[in-house]
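Next comes data.tsv, with TSV, C-alpha atoms.
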```tsv
chain	number	residue	atom	x	y	z
J	1	MET	CA	-1.16	-32.84	-16.33
J	2	SER	CA	-4.56	-32.15	-17.91
J	3	GLU	CA	-4.64	-29.92	-20.95
J	4	ARG	CA	-5.71	-26.32	-20.33
J	5	LYS	CA	-8.94	-24.99	-21.75
J	6	PRO	CA	-8.82	-22.65	-24.77
J	7	ILE	CA	-8.53	-18.97	-23.87
J	8	GLU	CA	-11.93	-17.31	-24.07
J	9	SER	CA	-11.36	-14.14	-22.02
J	10	TRP	CA	-8.44	-11.72	-21.98
J	11	LEU	CA	-7.15	-9.28	-19.39
J	12	THR	CA	-4.35	-6.94	-20.43
J	13	ASP	CA	-2.33	-4.25	-18.74
J	14	MET	CA	-2.35	-0.89	-20.48
J	15	ASP	CA	0.97	0.97	-20.06
J	16	GLY	CA	3.83	-1.02	-21.50
J	17	VAL	CA	1.52	-3.44	-23.30
J	18	LEU	CA	-0.90	-1.36	-25.39
J	19	ILE	CA	0.73	2.07	-25.10
J	20	HIS	CA	4.11	3.52	-24.16
J	21	GLU	CA	4.58	7.19	-23.24
J	22	GLY	CA	1.42	8.25	-25.06
J	23	VAL	CA	2.04	6.22	-28.22
J	24	PRO	CA	0.26	2.97	-29.13
J	25	ILE	CA	2.54	-0.06	-29.34
J	26	PRO	CA	2.46	-1.77	-32.76
J	27	GLY	CA	-0.13	-4.52	-32.71
J	28	ALA	CA	-2.30	-2.91	-30.00
J	29	GLU	CA	-4.96	-1.62	-32.39
J	30	GLU	CA	-5.13	-4.99	-34.16
J	31	PHE	CA	-5.39	-6.81	-30.81
J	32	ILE	CA	-8.33	-4.71	-29.60
J	33	LYS	CA	-10.05	-5.01	-32.99
J	34	ARG	CA	-9.62	-8.79	-33.00
J	35	LEU	CA	-11.13	-9.06	-29.51
J	36	LYS	CA	-14.16	-7.03	-30.57
J	37	ASP	CA	-14.58	-8.77	-33.93
J	38	LYS	CA	-14.54	-12.19	-32.23
J	39	ASP	CA	-16.75	-10.96	-29.38
J	40	ARG	CA	-14.20	-12.06	-26.77
J	41	PRO	CA	-14.77	-10.80	-23.21
J	42	PHE	CA	-11.83	-8.56	-22.25
J	43	LEU	CA	-10.64	-5.91	-19.82
J	44	VAL	CA	-7.89	-3.32	-20.12
J	45	LEU	CA	-6.34	-2.96	-16.66
J	46	THR	CA	-4.27	-0.28	-14.99
J	47	ASN	CA	-2.92	0.14	-11.47
J	48	ASN	CA	-3.02	3.90	-11.99
J	49	SER	CA	-5.95	5.30	-10.01
J	50	ILE	CA	-5.68	8.90	-11.23
J	51	TYR	CA	-8.10	8.66	-14.14
J	52	THR	CA	-11.72	7.59	-14.41
J	53	PRO	CA	-12.59	4.97	-17.04
J	54	ARG	CA	-14.11	7.75	-19.14
J	55	ASP	CA	-10.85	9.71	-18.98
J	56	LEU	CA	-8.88	6.63	-20.01
J	57	GLN	CA	-11.30	5.82	-22.82
J	58	ALA	CA	-10.79	9.32	-24.26
J	59	ARG	CA	-7.02	9.06	-23.83
J	60	LEU	CA	-6.91	5.71	-25.64
J	61	ARG	CA	-9.23	6.94	-28.39
J	62	ARG	CA	-6.88	9.84	-29.13
J	63	MET	CA	-4.21	7.21	-29.75
J	64	GLY	CA	-6.45	5.25	-32.10
J	65	LEU	CA	-7.48	2.54	-29.62
J	66	ASP	CA	-11.25	2.21	-29.34
J	67	VAL	CA	-11.91	0.54	-25.97
J	68	PRO	CA	-15.51	0.54	-24.66
J	69	LEU	CA	-16.02	2.10	-21.24
J	70	GLU	CA	-17.15	-1.18	-19.67
J	71	ASN	CA	-13.90	-2.85	-20.75
J	72	ILE	CA	-11.67	-0.63	-18.59
J	73	TRP	CA	-10.80	-1.79	-15.07
J	74	THR	CA	-8.66	0.32	-12.73
J	75	SER	CA	-7.20	-0.19	-9.27
J	76	ALA	CA	-9.57	2.55	-8.08
J	77	LEU	CA	-12.58	0.53	-9.28
J	78	ALA	CA	-11.18	-2.64	-7.69
J	79	THR	CA	-10.62	-0.74	-4.43
J	80	ALA	CA	-14.17	0.63	-4.47
J	81	GLN	CA	-15.57	-2.84	-5.20
J	82	PHE	CA	-13.60	-4.24	-2.26
J	83	LEU	CA	-14.85	-1.53	0.12
J	84	ASP	CA	-18.44	-1.97	-1.06
J	85	ASP	CA	-18.19	-5.69	-0.34
J	86	GLN	CA	-16.55	-5.15	3.05
J	87	ARG	CA	-18.52	-2.20	4.41
J	88	PRO	CA	-21.36	-0.96	2.16
J	89	GLY	CA	-22.26	2.70	2.55
J	90	GLY	CA	-19.13	3.51	4.56
J	91	THR	CA	-16.99	6.60	4.89
J	92	ALA	CA	-13.46	7.34	3.78
J	93	TYR	CA	-10.76	9.96	3.83
J	94	ALA	CA	-9.32	9.73	0.31
J	95	ILE	CA	-5.99	10.98	-0.98
J	96	GLY	CA	-6.13	10.84	-4.75
J	97	GLU	CA	-7.56	12.18	-7.97
J	98	ALA	CA	-10.91	11.92	-9.76
J	99	GLY	CA	-10.40	8.27	-10.65
J	100	LEU	CA	-10.48	7.32	-6.97
J	101	THR	CA	-12.98	9.83	-5.61
J	102	THR	CA	-15.46	9.14	-8.42
J	103	ALA	CA	-15.22	5.38	-7.83
J	104	LEU	CA	-15.90	5.87	-4.13
J	105	HIS	CA	-18.82	8.21	-4.76
J	106	ASP	CA	-20.29	5.72	-7.24
J	107	ILE	CA	-20.56	3.03	-4.53
J	108	GLY	CA	-22.29	5.46	-2.21
J	109	TYR	CA	-19.33	6.27	0.04
J	110	VAL	CA	-19.17	9.57	1.90
J	111	LEU	CA	-15.78	11.28	1.74
J	112	THR	CA	-14.92	12.89	5.04
J	113	ASP	CA	-12.04	13.61	7.41
J	114	HIS	CA	-14.27	13.16	10.46
J	115	ASP	CA	-13.83	9.70	11.99
J	116	PRO	CA	-13.83	7.82	8.64
J	117	ASP	CA	-14.03	4.04	8.39
J	118	TYR	CA	-11.06	4.03	6.02
J	119	VAL	CA	-8.13	6.09	4.87
J	120	VAL	CA	-7.81	5.33	1.15
J	121	LEU	CA	-4.56	6.26	-0.55
J	122	GLY	CA	-4.41	6.52	-4.33
J	123	GLU	CA	-2.21	7.99	-7.02
J	124	THR	CA	-1.84	11.74	-7.32
J	125	ARG	CA	0.71	14.16	-8.73
J	126	THR	CA	0.17	16.58	-5.84
J	127	TYR	CA	0.74	14.70	-2.56
J	128	SER	CA	0.60	17.27	0.22
J	129	PHE	CA	2.27	17.07	3.61
J	130	GLU	CA	-0.99	18.29	5.17
J	131	ALA	CA	-2.98	15.43	3.63
J	132	MET	CA	-0.42	12.82	4.67
J	133	THR	CA	-0.35	14.21	8.20
J	134	LYS	CA	-4.14	13.98	8.38
J	135	ALA	CA	-4.01	10.40	7.09
J	136	VAL	CA	-1.46	9.44	9.76
J	137	ARG	CA	-3.60	10.94	12.53
J	138	LEU	CA	-6.80	9.30	11.28
J	139	ILE	CA	-5.12	5.88	11.04
J	140	ASN	CA	-3.69	6.30	14.53
J	141	ALA	CA	-7.23	7.13	15.68
J	142	GLY	CA	-8.57	3.85	14.29
J	143	ALA	CA	-9.29	4.28	10.57
J	144	ARG	CA	-8.36	1.24	8.47
J	145	PHE	CA	-5.60	1.82	5.91
J	146	ILE	CA	-6.29	0.92	2.26
J	147	ALA	CA	-4.16	1.72	-0.80
J	148	THR	CA	-5.09	1.31	-4.44
J	149	ASN	CA	-1.79	-0.21	-5.53
J	150	PRO	CA	1.75	-0.95	-4.29
J	151	ASP	CA	3.71	0.52	-7.21
J	152	GLU	CA	6.65	2.43	-5.70
J	153	THR	CA	7.36	4.44	-8.85
J	154	GLY	CA	5.43	5.49	-11.93
J	155	PRO	CA	6.64	6.46	-15.40
J	156	SER	CA	6.94	9.95	-16.80
J	157	THR	CA	8.73	11.51	-19.76
J	158	GLU	CA	11.29	12.99	-17.31
J	159	GLY	CA	11.89	9.68	-15.50
J	160	PRO	CA	10.41	7.72	-12.58
J	161	LEU	CA	8.03	9.43	-10.15
J	162	PRO	CA	7.26	8.40	-6.55
J	163	ALA	CA	3.96	6.52	-6.63
J	164	THR	CA	1.37	5.13	-4.20
J	165	GLY	CA	3.62	2.45	-2.73
J	166	SER	CA	6.28	4.99	-1.74
J	167	VAL	CA	3.78	7.28	-0.02
J	168	ALA	CA	2.14	4.26	1.66
J	169	ALA	CA	5.55	3.33	3.07
J	170	LEU	CA	5.91	6.80	4.56
J	171	ILE	CA	2.50	6.52	6.24
J	172	THR	CA	3.32	3.00	7.45
J	173	ARG	CA	6.53	4.22	9.09
J	174	ALA	CA	4.58	6.97	10.84
J	175	THR	CA	1.74	4.72	12.04
J	176	GLY	CA	3.10	1.19	12.20
J	177	LYS	CA	0.09	0.11	10.11
J	178	GLN	CA	0.47	-1.71	6.79
J	179	PRO	CA	-2.15	-0.90	4.13
J	180	TYR	CA	-4.25	-3.44	2.30
J	181	PHE	CA	-3.37	-3.03	-1.39
J	182	ALA	CA	-6.33	-3.74	-3.69
J	183	GLY	CA	-4.50	-3.47	-7.03
J	184	LYS	CA	-1.98	-5.75	-8.72
J	185	PRO	CA	-0.28	-7.99	-7.69
J	186	ASN	CA	-3.21	-8.71	-5.39
J	187	PRO	CA	-5.19	-11.38	-7.28
J	188	LEU	CA	-8.31	-9.64	-5.94
J	189	MET	CA	-8.08	-7.19	-8.86
J	190	MET	CA	-7.95	-10.12	-11.28
J	191	ARG	CA	-10.80	-12.01	-9.64
J	192	THR	CA	-13.11	-9.01	-9.45
J	193	GLY	CA	-12.27	-8.32	-13.10
J	194	LEU	CA	-13.10	-11.91	-14.07
J	195	ASN	CA	-16.36	-11.67	-12.12
J	196	ARG	CA	-17.17	-8.49	-14.01
J	197	LEU	CA	-16.74	-10.42	-17.26
J	198	GLY	CA	-18.51	-13.53	-16.00
J	199	ALA	CA	-15.31	-15.40	-16.92
J	200	HIS	CA	-13.40	-18.30	-15.35
J	201	SER	CA	-9.69	-18.22	-14.61
J	202	GLU	CA	-9.07	-21.57	-16.31
J	203	SER	CA	-10.12	-20.14	-19.67
J	204	SER	CA	-8.63	-16.65	-19.21
J	205	ALA	CA	-5.24	-15.04	-19.81
J	206	MET	CA	-3.41	-12.03	-18.40
J	207	ILE	CA	-1.00	-10.00	-20.54
J	208	GLY	CA	1.49	-7.71	-18.83
J	209	ASP	CA	4.91	-6.10	-19.01
J	210	ARG	CA	5.87	-6.54	-15.35
J	211	MET	CA	6.76	-9.79	-13.63
J	212	ASP	CA	6.19	-8.44	-10.11
J	213	THR	CA	2.64	-7.19	-10.70
J	214	ASP	CA	0.99	-8.41	-13.92
J	215	VAL	CA	2.43	-11.91	-14.18
J	216	LEU	CA	2.32	-12.53	-10.43
J	217	ALA	CA	-1.31	-11.40	-10.15
J	218	GLY	CA	-2.40	-13.43	-13.16
J	219	MET	CA	-0.59	-16.53	-11.95
J	220	GLU	CA	-2.03	-16.28	-8.43
J	221	ALA	CA	-5.51	-15.84	-9.89
J	222	GLY	CA	-5.06	-19.10	-11.83
J	223	MET	CA	-4.82	-17.59	-15.31
J	224	ARG	CA	-2.43	-18.20	-18.16
J	225	THR	CA	0.12	-15.38	-18.29
J	226	TYR	CA	1.94	-13.65	-21.14
J	227	LEU	CA	4.87	-11.33	-20.55
J	228	VAL	CA	5.54	-8.78	-23.30
J	229	LEU	CA	8.99	-7.20	-23.56
J	230	THR	CA	7.79	-3.69	-24.47
J	231	GLY	CA	7.64	-2.34	-20.92
J	232	SER	CA	9.27	-2.71	-17.52
J	233	THR	CA	10.66	-6.27	-17.43
J	234	GLY	CA	13.46	-7.22	-19.81
J	235	LYS	CA	14.06	-10.75	-21.09
J	236	ASP	CA	17.23	-11.05	-19.02
J	237	GLN	CA	15.28	-10.25	-15.82
J	238	VAL	CA	12.73	-13.06	-16.05
J	239	GLU	CA	15.07	-15.60	-14.45
J	240	ASN	CA	15.49	-13.34	-11.40
J	241	TYR	CA	12.00	-14.31	-10.23
J	242	PRO	CA	10.99	-17.59	-8.57
J	243	PHE	CA	7.96	-17.86	-10.88
J	244	ARG	CA	7.60	-17.74	-14.64
J	245	PRO	CA	4.97	-16.54	-17.13
J	246	SER	CA	3.27	-19.13	-19.28
J	247	GLU	CA	4.95	-17.52	-22.26
J	248	VAL	CA	7.32	-14.62	-23.04
J	249	VAL	CA	6.66	-12.73	-26.31
J	250	GLU	CA	8.22	-9.68	-27.91
J	251	SER	CA	5.04	-7.59	-28.00
J	252	ILE	CA	1.25	-7.56	-28.15
J	253	ALA	CA	1.56	-8.08	-31.91
J	254	ASP	CA	2.61	-11.68	-31.18
J	255	ILE	CA	-0.65	-12.36	-29.34
J	256	VAL	CA	-3.15	-11.11	-31.98
J	257	ASP	CA	-3.32	-14.49	-33.71
J	258	LEU	CA	-4.01	-16.24	-30.39
J	259	VAL	CA	-7.33	-14.47	-29.97
```

Translate the structure described by the file into structure tokens.
Amino acid sequence: MSERKPIESWLTDMDGVLIHEGVPIPGAEEFIKRLKDKDRPFLVLTNNSIYTPRDLQARLRRMGLDVPLENIWTSALATAQFLDDQRPGGTAYAIGEAGLTTALHDIGYVLTDHDPDYVVLGETRTYSFEAMTKAVRLINAGARFIATNPDETGPSTEGPLPATGSVAALITRATGKQPYFAGKPNPLMMRTGLNRLGAHSESSAMIGDRMDTDVLAGMEAGMRTYLVLTGSTGKDQVENYPFRPSEVVESIADIVDLV
């Protein structure tokens, strides 16, 4: 087997890798600083479509992590990029927060509930029965079904919350239509991120805390993958999957010297 190229570009998940429940994980600040000092292309990724990159930048800055706006890549941005490539200047009925609606507006999409090209489902803390009913009826009438990410639950200080994947399943049962998920583990999110950096998968790495999204997406996009044990997947769970990360490390602190 030929030797892999040195890692020149880095993609990293946010929750569980850089931060956990609003607190930076030890090593995160040093990792971001090392990337910037060495002028390495990088993106901080999140499947959460609630927040705009500007919101996330401010949130990270409050925690002491200085991430430039252009280095933040969300499932909402990946979804908008996909829609812009597929049907430029289209229309959508969106269920979600500012992160999703802003991304759709930025590509020139019109948000409407009148015969839209797409129903786009994103993350929100206020899913309404009325909105879900409207989505079901629009999909049954011919709108294409898109979802930002397949995560069935999301974290909170009180415990897991139903997330986009769970609500998508409800709509699927009511319509018989499966959504196209743009976020992880779809390698589309990785590839559009790499294109944004002008990077190649052979010389790029993905860092994540989940085998079923981060590692899977990175692997399918052809990148080297690092699983950190500070988030969702424990060391004893790695062998439950039919694929493996390139390397398992305790935390982001163990990757600083690799940059």

(request) Using all atoms listed in the file, pick whichever of J:Met189, J:Met206, J:Met223, J:Ala168 has the shortest atom-to-atom distance to Phe42 in chain J. (result)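 That would be J:Met206, the residue with the smallest distance to Phe42 in chain J.
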
(request) Give me, please, the distance in Å between CA of Thr112 in chain J and CA of Leu83 in chain J, quoted to one decimal. (result)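 Going from CA of Thr112 in chain J over to CA of Leu83 in chain J covers 15.2 Å.
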
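Using all atoms listed in the file for every distance, the candidate list J:Gly122, J:Gly234, J:Pro185, J:Gly222 yields J:Gly122 as the residue closest to Ile95 in chain J.
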
(request) Using CA of Asp39 in chain J and CA of Glu8 in chain J as the two end points, give the distance in Å to one decimal. (result)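 Rounded to one decimal, the two atoms are 9.6 Å apart.
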
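Residue nearest His114 in chain J, chosen from J:Thr133, J:Thr91, J:Thr126, J:Thr192 and counting all atoms listed in the file: J:Thr91.
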
(request) In Å, rounded to a single decimal, give me how far CA of Thr164 in chain J is from CA of Arg125 in chain J. (result)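 Separation of CA of Arg125 in chain J and CA of Thr164 in chain J: 10.1 Å.
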
(request) Select, from J:Pro88, J:Pro150, J:Gly142, J:Pro160, the residue with the minimum atom-to-atom distance to Ser232 in chain J, counting all atoms listed in the file. (result)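 Checking each of J:Pro88, J:Pro150, J:Gly142, J:Pro160 against Ser232 in chain J, counting all atoms listed in the file, the winner is J:Pro160.
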